[in-house]
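**Student:** Input file: data.txt. Contents: compact mmCIF, C-alpha atoms.
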# COMPACT_ATOMS: atom_id res chain seq x y z
CA LEU A 1 -85.07 -83.62 -8.74
CA LYS A 2 -84.48 -87.36 -8.73
CA PHE A 3 -81.25 -88.82 -10.06
CA VAL A 4 -81.05 -92.59 -10.53
CA GLN A 5 -78.58 -94.86 -12.24
CA GLY A 6 -78.78 -94.74 -16.00
CA GLY A 7 -80.83 -91.52 -15.91
CA CYS A 8 -84.27 -93.24 -15.73
CA GLU A 9 -86.54 -94.40 -12.96
CA HIS A 10 -87.13 -98.18 -12.87
CA SER A 11 -88.91 -98.55 -9.54
CA HIS A 12 -91.33 -101.05 -11.08
CA LEU A 13 -88.55 -103.50 -11.98
CA PRO A 14 -87.24 -106.28 -9.71
CA SER A 15 -84.22 -105.39 -7.61
CA HIS A 16 -81.98 -108.02 -9.26
CA ILE A 17 -82.50 -106.24 -12.60
CA LEU A 18 -81.93 -102.80 -11.16
CA ARG A 19 -78.57 -103.70 -9.67
CA ARG A 20 -76.29 -104.36 -12.62
CA PRO A 21 -72.93 -102.81 -11.73
CA HIS A 22 -71.18 -104.74 -14.52
CA LEU A 23 -73.56 -103.33 -17.17
CA ASP A 24 -74.81 -99.95 -16.01
CA PRO A 25 -72.55 -96.96 -16.62
CA PRO A 26 -71.96 -94.59 -13.69
CA PRO A 27 -74.29 -91.61 -13.45
CA ILE A 28 -73.28 -88.67 -15.61
CA PHE A 29 -73.55 -86.35 -12.57
CA PRO A 30 -72.56 -87.46 -9.08
CA THR A 31 -75.82 -87.35 -7.16
CA PHE A 32 -74.71 -85.78 -3.86
CA PRO A 33 -72.45 -83.01 -5.18
CA LEU A 34 -75.06 -81.92 -7.71
CA ARG A 35 -77.82 -81.94 -5.12
CA PHE A 36 -75.59 -79.91 -2.81
CA HIS A 37 -74.82 -77.41 -5.57
CA LEU A 38 -78.48 -77.05 -6.49
CA GLN A 39 -79.38 -76.49 -2.85
CA ASN A 40 -76.83 -73.68 -2.66
CA ILE A 41 -78.37 -72.03 -5.71
CA ILE A 42 -81.88 -72.35 -4.27
CA THR A 43 -80.77 -70.90 -0.91
CA MET A 44 -79.03 -67.93 -2.54
CA ALA A 45 -82.10 -67.23 -4.65
CA ALA A 46 -84.27 -67.31 -1.51
CA ARG A 47 -82.45 -64.36 0.11
CA LYS A 48 -84.85 -61.48 -0.25
CA PRO A 49 -83.01 -58.22 -1.00
CA ILE A 50 -83.14 -55.47 1.59
CA VAL A 51 -82.50 -51.75 1.21
CA GLY A 52 -81.98 -49.55 4.23
CA GLY A 53 -82.05 -45.77 4.37
CA ASN A 54 -80.02 -44.24 7.21
CA TRP A 55 -80.97 -40.58 7.55
CA LYS A 56 -78.39 -40.00 10.31
CA CYS A 57 -78.90 -36.51 11.83
CA ASN A 58 -81.06 -35.31 8.92
CA PRO A 59 -83.23 -33.62 7.74
CA ALA A 60 -83.73 -30.37 9.66
CA SER A 61 -87.52 -30.45 9.99
CA VAL A 62 -90.53 -32.74 10.18
CA ALA A 63 -91.91 -30.97 7.10
CA GLU A 64 -88.94 -32.16 5.06
CA THR A 65 -89.52 -35.78 6.10
CA LYS A 66 -93.15 -35.52 5.01
CA LYS A 67 -92.14 -33.96 1.69
CA LEU A 68 -89.67 -36.78 1.04
CA ALA A 69 -92.24 -39.49 1.82
CA ALA A 70 -94.70 -37.79 -0.55
CA ALA A 71 -92.08 -37.80 -3.31
CA TRP A 72 -91.37 -41.50 -2.75
CA LYS A 73 -95.06 -42.24 -3.14
CA GLU A 74 -94.78 -41.30 -6.82
CA LYS A 75 -92.64 -44.39 -7.51
CA ALA A 76 -94.09 -47.54 -5.98
CA PHE A 77 -92.11 -50.71 -5.33
CA ASP A 78 -93.07 -54.35 -4.87
CA LYS A 79 -92.60 -55.18 -1.20
CA SER A 80 -92.89 -58.89 -1.98
CA LYS A 81 -89.57 -58.58 -3.86
CA VAL A 82 -87.57 -56.24 -1.61
CA ASP A 83 -87.63 -55.12 2.02
CA VAL A 84 -87.17 -51.40 2.66
CA VAL A 85 -86.22 -50.20 6.15
CA ILE A 86 -85.84 -46.48 6.91
CA CYS A 87 -83.90 -45.09 9.88
CA PRO A 88 -85.06 -41.54 10.70
CA THR A 89 -83.81 -39.52 13.64
CA ALA A 90 -85.27 -40.59 16.98
CA LEU A 91 -87.40 -37.43 17.19
CA HIS A 92 -88.75 -37.70 13.65
CA LEU A 93 -89.40 -41.44 13.69
CA PRO A 94 -92.83 -41.55 15.40
CA LEU A 95 -94.03 -38.59 13.33
CA ILE A 96 -93.06 -40.01 9.93
CA LYS A 97 -93.68 -43.69 10.76
CA PRO A 98 -97.31 -43.80 9.46
CA GLU A 99 -96.36 -42.30 6.09
CA LEU A 100 -93.43 -44.68 5.60
CA GLU A 101 -95.45 -47.73 6.58
CA ALA A 102 -98.20 -46.67 4.18
CA LEU A 103 -95.59 -46.95 1.42
CA GLY A 104 -94.83 -50.54 2.41
CA MET A 105 -91.64 -49.64 4.28
CA GLU A 106 -90.56 -50.49 7.80
CA VAL A 107 -88.88 -48.16 10.28
CA SER A 108 -85.78 -48.54 12.41
CA THR A 109 -83.97 -46.61 15.07
CA GLN A 110 -80.35 -45.73 14.40
CA ASN A 111 -79.25 -46.87 17.83
CA VAL A 112 -80.52 -48.68 20.94
CA SER A 113 -79.38 -48.86 24.54
CA ALA A 114 -77.23 -51.66 25.92
CA THR A 115 -79.17 -51.28 29.18
CA GLY A 116 -82.74 -51.73 30.36
CA MET A 117 -85.06 -49.32 32.12
CA GLY A 118 -83.58 -47.07 34.76
CA ALA A 119 -81.34 -44.07 35.35
CA PHE A 120 -79.77 -43.93 31.90
CA THR A 121 -80.11 -40.36 30.67
CA GLY A 122 -80.41 -39.95 26.92
CA GLU A 123 -81.07 -43.64 26.21
CA TRP A 124 -83.96 -45.63 24.76
CA ASN A 125 -84.12 -49.39 24.97
CA VAL A 126 -85.72 -52.42 23.38
CA ASP A 127 -88.83 -52.16 25.55
CA HIS A 128 -89.47 -48.69 24.16
CA LEU A 129 -89.10 -50.02 20.62
CA LYS A 130 -91.57 -52.83 21.26
CA ASP A 131 -94.05 -50.45 22.86
CA MET A 132 -93.90 -48.18 19.79
CA ALA A 133 -94.07 -51.10 17.32
CA ILE A 134 -90.61 -50.38 15.94
CA GLY A 135 -89.22 -53.68 14.75
CA TRP A 136 -85.67 -52.72 13.72
CA THR A 137 -82.53 -50.98 14.92
CA LEU A 138 -79.02 -50.37 13.68
CA ILE A 139 -76.15 -51.56 15.86
CA GLY A 140 -72.47 -50.83 15.43
CA HIS A 141 -72.52 -48.16 12.75
CA SER A 142 -69.00 -46.85 12.16
CA GLU A 143 -70.01 -43.38 13.30
CA ARG A 144 -71.13 -44.82 16.63
CA ARG A 145 -67.87 -46.75 16.88
CA THR A 146 -65.45 -43.99 15.83
CA LYS A 147 -67.21 -40.83 17.10
CA TYR A 148 -68.94 -42.08 20.23
CA GLY A 149 -66.60 -44.80 21.42
CA GLU A 150 -68.93 -47.75 20.88
CA THR A 151 -66.82 -50.86 21.50
CA ASP A 152 -67.26 -54.43 20.38
CA GLU A 153 -68.36 -55.26 23.92
CA VAL A 154 -71.10 -52.64 23.77
CA THR A 155 -72.37 -53.92 20.42
CA ALA A 156 -72.52 -57.41 21.91
CA ALA A 157 -74.60 -56.17 24.87
CA LYS A 158 -76.97 -54.36 22.53
CA MET A 159 -77.28 -57.44 20.35
CA ALA A 160 -78.17 -59.59 23.35
CA MET A 161 -80.90 -57.13 24.34
CA CYS A 162 -82.38 -57.14 20.83
CA GLN A 163 -82.30 -60.90 20.49
CA LYS A 164 -84.11 -61.35 23.78
CA ALA A 165 -86.76 -58.80 22.78
CA GLY A 166 -87.20 -60.01 19.20
CA ILE A 167 -85.96 -56.75 17.67
CA LYS A 168 -84.40 -57.15 14.22
CA VAL A 169 -80.90 -55.77 13.78
CA ILE A 170 -78.92 -54.35 10.90
CA PHE A 171 -75.44 -54.99 12.27
CA CYS A 172 -72.78 -52.75 10.75
CA ILE A 173 -69.17 -53.78 10.22
CA GLY A 174 -66.32 -52.36 8.18
CA GLU A 175 -62.72 -51.22 8.08
CA LEU A 176 -60.97 -47.86 8.16
CA LEU A 177 -58.86 -46.71 5.21
CA GLU A 178 -55.59 -47.55 6.95
CA GLU A 179 -56.93 -51.01 7.76
CA ARG A 180 -57.89 -51.56 4.12
CA GLU A 181 -54.46 -50.40 2.96
CA GLY A 182 -52.82 -52.62 5.58
CA GLY A 183 -54.65 -55.69 4.28
CA LYS A 184 -56.71 -56.05 7.47
CA THR A 185 -60.23 -55.85 6.03
CA ASP A 186 -61.15 -59.46 6.79
CA GLU A 187 -59.48 -59.33 10.20
CA VAL A 188 -61.52 -56.28 11.22
CA ASN A 189 -64.81 -57.69 9.93
CA GLN A 190 -64.24 -61.00 11.67
CA ARG A 191 -63.34 -59.29 14.96
CA GLN A 192 -66.50 -57.20 14.89
CA LEU A 193 -68.62 -60.24 14.04
CA ASN A 194 -66.94 -62.48 16.60
CA ALA A 195 -67.93 -60.03 19.33
CA VAL A 196 -71.65 -60.55 18.74
CA LEU A 197 -71.81 -64.20 17.63
CA PRO A 198 -72.33 -65.56 21.18
CA ALA A 199 -75.30 -63.19 21.60
CA ILE A 200 -77.13 -64.38 18.47
CA SER A 201 -79.51 -67.32 18.62
CA ASN A 202 -82.07 -66.24 16.00
CA TRP A 203 -80.35 -65.42 12.71
CA ASP A 204 -83.69 -64.66 11.05
CA ASP A 205 -83.57 -61.33 12.92
CA ILE A 206 -80.10 -60.38 11.66
CA VAL A 207 -78.93 -58.46 8.60
CA ILE A 208 -75.24 -57.63 8.20
CA ALA A 209 -74.25 -54.33 6.61
CA TYR A 210 -70.67 -54.18 5.34
CA GLU A 211 -69.66 -50.54 5.14
CA PRO A 212 -66.04 -49.72 4.32
CA VAL A 213 -65.58 -46.64 6.50
CA TRP A 214 -63.37 -44.98 3.90
CA ALA A 215 -66.30 -45.02 1.44
CA ILE A 216 -69.02 -43.61 3.71
CA GLY A 217 -70.01 -40.14 2.59
CA THR A 218 -66.76 -39.65 0.67
CA GLY A 219 -67.98 -40.39 -2.81
CA LYS A 220 -65.48 -43.24 -2.96
CA VAL A 221 -67.04 -46.61 -3.61
CA ALA A 222 -65.50 -50.05 -3.41
CA THR A 223 -65.45 -51.57 -6.88
CA PRO A 224 -68.10 -54.25 -7.43
CA GLU A 225 -65.31 -56.81 -7.36
CA GLN A 226 -63.90 -55.48 -4.05
CA ALA A 227 -67.37 -55.47 -2.50
CA GLN A 228 -68.15 -58.98 -3.74
CA ASP A 229 -64.83 -60.36 -2.50
CA THR A 230 -65.41 -58.91 0.97
CA HIS A 231 -69.01 -60.12 1.13
CA ALA A 232 -67.90 -63.60 0.05
CA ALA A 233 -65.24 -63.56 2.78
CA ILE A 234 -67.86 -62.59 5.37
CA ARG A 235 -70.08 -65.43 4.25
CA ALA A 236 -67.18 -67.89 4.32
CA PHE A 237 -66.31 -66.77 7.85
CA LEU A 238 -69.90 -67.29 9.02
CA LYS A 239 -69.87 -70.75 7.47
CA SER A 240 -66.84 -71.73 9.55
CA ALA A 241 -67.78 -69.82 12.71
CA VAL A 242 -71.52 -70.59 12.79
CA SER A 243 -72.87 -72.94 10.11
CA ALA A 244 -73.32 -73.34 6.38
CA GLU A 245 -77.06 -72.82 6.81
CA VAL A 246 -76.60 -69.44 8.49
CA ALA A 247 -73.97 -68.37 5.98
CA ASP A 248 -76.28 -69.20 3.09
CA LYS A 249 -79.37 -67.46 4.42
CA VAL A 250 -78.10 -64.31 6.16
CA ARG A 251 -78.50 -61.14 4.10
CA ILE A 252 -75.42 -58.94 3.67
CA GLN A 253 -75.87 -55.34 2.55
CA TYR A 254 -73.23 -53.10 1.05
CA GLY A 255 -72.97 -49.50 2.26
CA GLY A 256 -70.66 -46.69 1.32
CA SER A 257 -71.70 -43.90 -1.08
CA VAL A 258 -74.33 -46.08 -2.77
CA SER A 259 -76.27 -44.13 -5.39
CA PRO A 260 -78.70 -44.71 -8.28
CA ASP A 261 -75.66 -44.56 -10.57
CA ASN A 262 -73.68 -47.43 -9.05
CA CYS A 263 -76.28 -49.69 -7.44
CA ALA A 264 -77.33 -51.62 -10.55
CA GLU A 265 -73.91 -53.20 -11.07
CA LEU A 266 -73.29 -53.83 -7.38
CA ILE A 267 -76.55 -55.72 -6.91
CA THR A 268 -75.62 -58.22 -9.64
CA LYS A 269 -72.92 -59.68 -7.39
CA PRO A 270 -74.01 -63.00 -5.84
CA ASP A 271 -73.16 -62.16 -2.22
CA ILE A 272 -74.56 -58.61 -2.18
CA ASP A 273 -78.16 -58.74 -0.95
CA GLY A 274 -78.98 -55.04 -0.90
CA PHE A 275 -77.70 -51.74 0.43
CA LEU A 276 -77.56 -49.53 3.49
CA VAL A 277 -77.83 -46.07 1.95
CA GLY A 278 -76.82 -42.82 3.61
CA GLY A 279 -77.08 -39.44 1.89
CA ALA A 280 -78.85 -40.81 -1.17
CA SER A 281 -81.74 -41.96 1.04
CA LEU A 282 -82.64 -38.32 1.67
CA LYS A 283 -83.54 -37.76 -1.99
CA PRO A 284 -86.55 -38.69 -4.13
CA SER A 285 -84.17 -40.74 -6.32
CA PHE A 286 -83.70 -43.20 -3.42
CA MET A 287 -86.61 -45.03 -4.98
CA ASP A 288 -84.48 -45.65 -8.07
CA ILE A 289 -82.16 -47.70 -5.85
CA VAL A 290 -85.09 -49.62 -4.40
CA THR A 291 -86.55 -50.47 -7.83
CA ALA A 292 -83.11 -51.42 -9.18
CA VAL A 293 -82.70 -53.89 -6.33
CA GLN A 294 -86.15 -55.44 -6.69
CA GLY A 295 -85.34 -56.24 -10.34
Would you write out, as structure tokens, the structure that this file holds?

**Tutor:**
Amino acid sequence: LKFVQGGCEHSHLPSHILRRPHLDPPPIFPTFPLRFHLQNIITMAARKPIVGGNWKCNPASVAETKKLAAAWKEKAFDKSKVDVVICPTALHLPLIKPELEALGMEVSTQNVSATGMGAFTGEWNVDHLKDMAIGWTLIGHSERRTKYGETDEVTAAKMAMCQKAGIKVIFCIGELLEEREGGKTDEVNQRQLNAVLPAISNWDDIVIAYEPVWAIGTGKVATPEQAQDTHAAIRAFLKSAVSAEVADKVRIQYGGSVSPDNCAELITKPDIDGFLVGGASLKPSFMDIVTAVQG
């Protein structure tokens, strides 16, 4: 777009004719603010939606994972319009990975070590992910934080490992019910984000998943307005703490009892860029969420 005085382009005219401040009216639209506003719209539109499926400690057998992937095959999606990342259990992941990738999906671990190779029983690290061509991991899920004592410091160490290795991260944040009721939602989200900001240099490898802990697996869902307000606050915080460019481009998912019944309204909100889905990602109807997001 090119905005010039008087609304027309007169580049072929002499400069003394072009500059007529006593005759020419001011532009109808101030050039810089409009350009800035249009750039914001373009940037928001450029955020590709992303849907994650976190299977947690489910299902019970490899056969069930194969059956689910076969059911998903019946309803294709356009991977140019939406990214889909599935997080199976660590044992199931290498066995179901080919079927999921054949559907146009990517795979992710649900966790990763804060350490490297060595005497760390029960761990797997970023080098293992790279060796197995696994490009994603979750970090900081509320169940890791509340049930297994994962601290902000640990999430920061994991983030640093992933950034160095080029592993993409879905970084989970969110408040407990008492924190929501105490008006501390933004404070909690900002604390959890602040812990990892120094470790992040490549924001192209980062997705943020806002999951109000009180809504995970409870059937309770933040209203679309509550979710939008919190996502907007996260984006505003990133603008002040990092940069406007990062705030505009980073994708922020909503998680917390997302289902085919409530996803269509949630995805219309301007700062919601997709979902991190729990229980509903273990059903054939998960594909209804994916297709609703792709538009």

**Student:** Taking only C-alpha atoms into account, name the residue in A:Cys87, A:Ala233, A:Val213, A:Ala70 that is nearest to Gly174 in chain A.

**Tutor:**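 For Gly174 in chain A, the nearest of the given residues is A:Val213.
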
**Student:** With distances taken over all atoms listed in the file, which residue among A:Ala69, A:Val250, A:Cys172, A:Ala76 lies nearest Gln110 in chain A?

**Tutor:**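 For Gln110 in chain A, the nearest of the candidates is A:Cys172.
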
**Student:** From the options A:Ile139, A:Ala215, A:Ile170, A:Met159, which residue's atoms come nearest to Leu197 in chain A, counting all atoms listed in the file?

**Tutor:**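 The answer is A:Met159, which sits nearest to Leu197 in chain A.
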
**Student:** For a quick check of understanding, using only C-alpha atoms, which of A:Met161, A:Asp131, A:Glu211, A:Leu68 has the smallest distance to Gly116 in chain A?

**Tutor:**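 Counting only C-alpha atoms, the residue closest to Gly116 in chain A is A:Met161.
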
**Student:** Return the single residue from A:Lys220, A:Thr155, A:Asn262, A:Ser257 that is closest to Val277 in chain A, with distances computed using all atoms listed in the file.

**Tutor:**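 Nearest to Val277 in chain A: A:Ser257.
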
**Student:** Contacts of Asp229 in chain A at 10 Å or less, counting all atoms listed in the file, minus same-chain residues fewer than 4 places along, as a list in words?

**Tutor:**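 After dropping sequence-adjacent residues, the list is Thr223, Pro224, Glu225, Ala233, Ile234, Arg235, Lys269, Asp271 and Ile272 of chain A.
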
**Student:** Calculate how many Å separate CA of Ala114 in chain A from CA of Arg191 in chain A, rounding to one decimal.

**Tutor:**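 Straight-line distance from CA of Ala114 in chain A to CA of Arg191 in chain A works out to 19.3 Å.
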
**Student:** Suppose you want the space between CA of Ala280 in chain A and CA of Trp72 in chain A; what is it in Å?

**Tutor:** 12.6 Å

**Student:** Between CA of Leu95 in chain A and CA of Arg144 in chain A, what distance in Å does the model show, to one decimal?

**Tutor:** 24.0 Å

**Student:** My list of candidates is A:Pro212, A:Gly274, A:Pro198, A:Gly217. Which is closest to Ala241 in chain A when distances are computed with only C-alpha atoms?

**Tutor:** A:Pro198

**Student:** Give me the residues near range 49-59 of chain A as a PyMOL selection string, where near means some atom within 7 Å (using all atoms listed in the file) and where sequence neighbours in that chain fewer than 5 positions away do not count.

**Tutor:** chain A and resi 64-65+82-89+273-279+281-282+290+293

**Student:** Residues within 10 Å of Val62 in chain A, please, as a list of chain:residue names. Count all atoms listed in the file; anything in the same chain fewer than 6 positions from it doesn't count.

**Tutor:**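 Neighbouring residues, sequence-local ones excluded: A:Leu91, A:His92, A:Leu93, A:Leu95, A:Ile96.
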
**Student:** Once 4 Å is added on each side, what centre and edge lengths in Å to one decimal does the axis-aligned box around all listed atoms of range 168-180 of chain A have, as lines of an AutoDock Vina configuration file?

**Tutor:**
center_x = -70.0
center_y = -51.9
center_z = 9.2
size_x = 36.8
size_y = 18.4
size_z = 18.1

**Student:** Select, counting all atoms listed in the file, all protein, DNA and RNA residues no farther than 9 Å from (-72.8, -51.3, 16.2) in file coordinates, and express the selection as a list in words.

**Tutor:**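 Applying the cut-off with all atoms listed in the file, one gets Asn111, Leu138, Ile139, Gly140, His141, Ser142, Glu143, Arg144, Arg145, Glu150, Thr151, Asp152, Val154, Thr155, Ala156, Lys158, Met159, Ile170, Phe171, Cys172, Ile173 and Gln192 of chain A.
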
**Student:** Can you pull range 276-287 of chain A out of that block with all heavy atoms and hand it back as a PDB file, in the first residue's frame?

**Tutor:**
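Produced file selection03.pdb, reproduced below:
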ATOM      1  N   LEU A 276      -4.211 -27.298  22.840  1.00  0.00           N
ATOM      2  CA  LEU A 276      -3.515 -28.488  23.330  1.00  0.00           C
ATOM      3  C   LEU A 276      -4.601 -29.343  23.972  1.00  0.00           C
ATOM      4  O   LEU A 276      -5.169 -28.975  25.009  1.00  0.00           O
ATOM      5  CB  LEU A 276      -2.421 -28.136  24.340  1.00  0.00           C
ATOM      6  CG  LEU A 276      -1.592 -29.312  24.859  1.00  0.00           C
ATOM      7  CD1 LEU A 276      -0.946 -30.091  23.717  1.00  0.00           C
ATOM      8  CD2 LEU A 276      -0.529 -28.842  25.847  1.00  0.00           C
ATOM      9  N   VAL A 277      -4.900 -30.467  23.357  1.00  0.00           N
ATOM     10  CA  VAL A 277      -6.065 -31.276  23.702  1.00  0.00           C
ATOM     11  C   VAL A 277      -5.625 -32.498  24.491  1.00  0.00           C
ATOM     12  O   VAL A 277      -4.667 -33.173  24.114  1.00  0.00           O
ATOM     13  CB  VAL A 277      -6.810 -31.709  22.416  1.00  0.00           C
ATOM     14  CG1 VAL A 277      -8.088 -32.453  22.766  1.00  0.00           C
ATOM     15  CG2 VAL A 277      -7.119 -30.497  21.540  1.00  0.00           C
ATOM     16  N   GLY A 278      -6.347 -32.798  25.558  1.00  0.00           N
ATOM     17  CA  GLY A 278      -6.039 -33.958  26.370  1.00  0.00           C
ATOM     18  C   GLY A 278      -6.904 -35.145  26.008  1.00  0.00           C
ATOM     19  O   GLY A 278      -6.710 -35.790  24.980  1.00  0.00           O
ATOM     20  N   GLY A 279      -7.905 -35.435  26.840  1.00  0.00           N
ATOM     21  CA  GLY A 279      -8.731 -36.624  26.662  1.00  0.00           C
ATOM     22  C   GLY A 279      -9.393 -36.727  25.305  1.00  0.00           C
ATOM     23  O   GLY A 279      -9.525 -37.831  24.748  1.00  0.00           O
ATOM     24  N   ALA A 280      -9.798 -35.596  24.751  1.00  0.00           N
ATOM     25  CA  ALA A 280     -10.476 -35.619  23.452  1.00  0.00           C
ATOM     26  C   ALA A 280      -9.552 -36.023  22.313  1.00  0.00           C
ATOM     27  O   ALA A 280     -10.021 -36.372  21.227  1.00  0.00           O
ATOM     28  CB  ALA A 280     -11.099 -34.254  23.152  1.00  0.00           C
ATOM     29  N   SER A 281      -8.237 -36.016  22.552  1.00  0.00           N
ATOM     30  CA  SER A 281      -7.299 -36.424  21.492  1.00  0.00           C
ATOM     31  C   SER A 281      -7.150 -37.934  21.419  1.00  0.00           C
ATOM     32  O   SER A 281      -6.432 -38.448  20.565  1.00  0.00           O
ATOM     33  CB  SER A 281      -5.922 -35.783  21.717  1.00  0.00           C
ATOM     34  OG  SER A 281      -5.280 -36.324  22.856  1.00  0.00           O
ATOM     35  N   LEU A 282      -7.837 -38.650  22.297  1.00  0.00           N
ATOM     36  CA  LEU A 282      -7.819 -40.113  22.273  1.00  0.00           C
ATOM     37  C   LEU A 282      -9.051 -40.682  21.600  1.00  0.00           C
ATOM     38  O   LEU A 282      -9.329 -41.882  21.704  1.00  0.00           O
ATOM     39  CB  LEU A 282      -7.729 -40.647  23.710  1.00  0.00           C
ATOM     40  CG  LEU A 282      -6.368 -40.425  24.392  1.00  0.00           C
ATOM     41  CD1 LEU A 282      -6.518 -40.494  25.905  1.00  0.00           C
ATOM     42  CD2 LEU A 282      -5.339 -41.428  23.897  1.00  0.00           C
ATOM     43  N   LYS A 283      -9.799 -39.831  20.890  1.00  0.00           N
ATOM     44  CA  LYS A 283     -11.035 -40.241  20.242  1.00  0.00           C
ATOM     45  C   LYS A 283     -10.976 -39.942  18.747  1.00  0.00           C
ATOM     46  O   LYS A 283     -10.279 -39.010  18.321  1.00  0.00           O
ATOM     47  CB  LYS A 283     -12.217 -39.500  20.858  1.00  0.00           C
ATOM     48  CG  LYS A 283     -12.379 -39.724  22.355  1.00  0.00           C
ATOM     49  CD  LYS A 283     -13.504 -38.883  22.922  1.00  0.00           C
ATOM     50  CE  LYS A 283     -13.644 -39.069  24.437  1.00  0.00           C
ATOM     51  NZ  LYS A 283     -14.719 -38.224  24.996  1.00  0.00           N
ATOM     52  N   PRO A 284     -11.721 -40.691  17.941  1.00  0.00           N
ATOM     53  CA  PRO A 284     -11.785 -40.377  16.507  1.00  0.00           C
ATOM     54  C   PRO A 284     -12.244 -38.940  16.246  1.00  0.00           C
ATOM     55  O   PRO A 284     -11.811 -38.311  15.277  1.00  0.00           O
ATOM     56  CB  PRO A 284     -12.791 -41.396  15.974  1.00  0.00           C
ATOM     57  CG  PRO A 284     -12.670 -42.563  16.906  1.00  0.00           C
ATOM     58  CD  PRO A 284     -12.431 -41.954  18.264  1.00  0.00           C
ATOM     59  N   SER A 285     -13.102 -38.407  17.117  1.00  0.00           N
ATOM     60  CA  SER A 285     -13.646 -37.052  16.915  1.00  0.00           C
ATOM     61  C   SER A 285     -12.613 -35.954  17.129  1.00  0.00           C
ATOM     62  O   SER A 285     -12.911 -34.767  16.920  1.00  0.00           O
ATOM     63  CB  SER A 285     -14.838 -36.826  17.850  1.00  0.00           C
ATOM     64  OG  SER A 285     -14.457 -36.986  19.204  1.00  0.00           O
ATOM     65  N   PHE A 286     -11.392 -36.330  17.536  1.00  0.00           N
ATOM     66  CA  PHE A 286     -10.301 -35.327  17.604  1.00  0.00           C
ATOM     67  C   PHE A 286     -10.143 -34.627  16.266  1.00  0.00           C
ATOM     68  O   PHE A 286      -9.833 -33.439  16.209  1.00  0.00           O
ATOM     69  CB  PHE A 286      -9.002 -36.028  18.007  1.00  0.00           C
ATOM     70  CG  PHE A 286      -7.783 -35.151  17.938  1.00  0.00           C
ATOM     71  CD1 PHE A 286      -7.601 -34.111  18.837  1.00  0.00           C
ATOM     72  CD2 PHE A 286      -6.797 -35.384  16.982  1.00  0.00           C
ATOM     73  CE1 PHE A 286      -6.457 -33.294  18.791  1.00  0.00           C
ATOM     74  CE2 PHE A 286      -5.651 -34.589  16.931  1.00  0.00           C
ATOM     75  CZ  PHE A 286      -5.491 -33.547  17.836  1.00  0.00           C
ATOM     76  N   MET A 287     -10.380 -35.367  15.197  1.00  0.00           N
ATOM     77  CA  MET A 287     -10.229 -34.764  13.869  1.00  0.00           C
ATOM     78  C   MET A 287     -11.250 -33.665  13.613  1.00  0.00           C
ATOM     79  O   MET A 287     -11.033 -32.789  12.782  1.00  0.00           O
ATOM     80  CB  MET A 287     -10.307 -35.835  12.787  1.00  0.00           C
ATOM     81  CG  MET A 287      -9.152 -36.819  12.797  1.00  0.00           C
ATOM     82  SD  MET A 287      -7.523 -36.018  12.712  1.00  0.00           S
ATOM     83  CE  MET A 287      -7.631 -35.179  11.153  1.00  0.00           C
TER      84      MET A 287
END
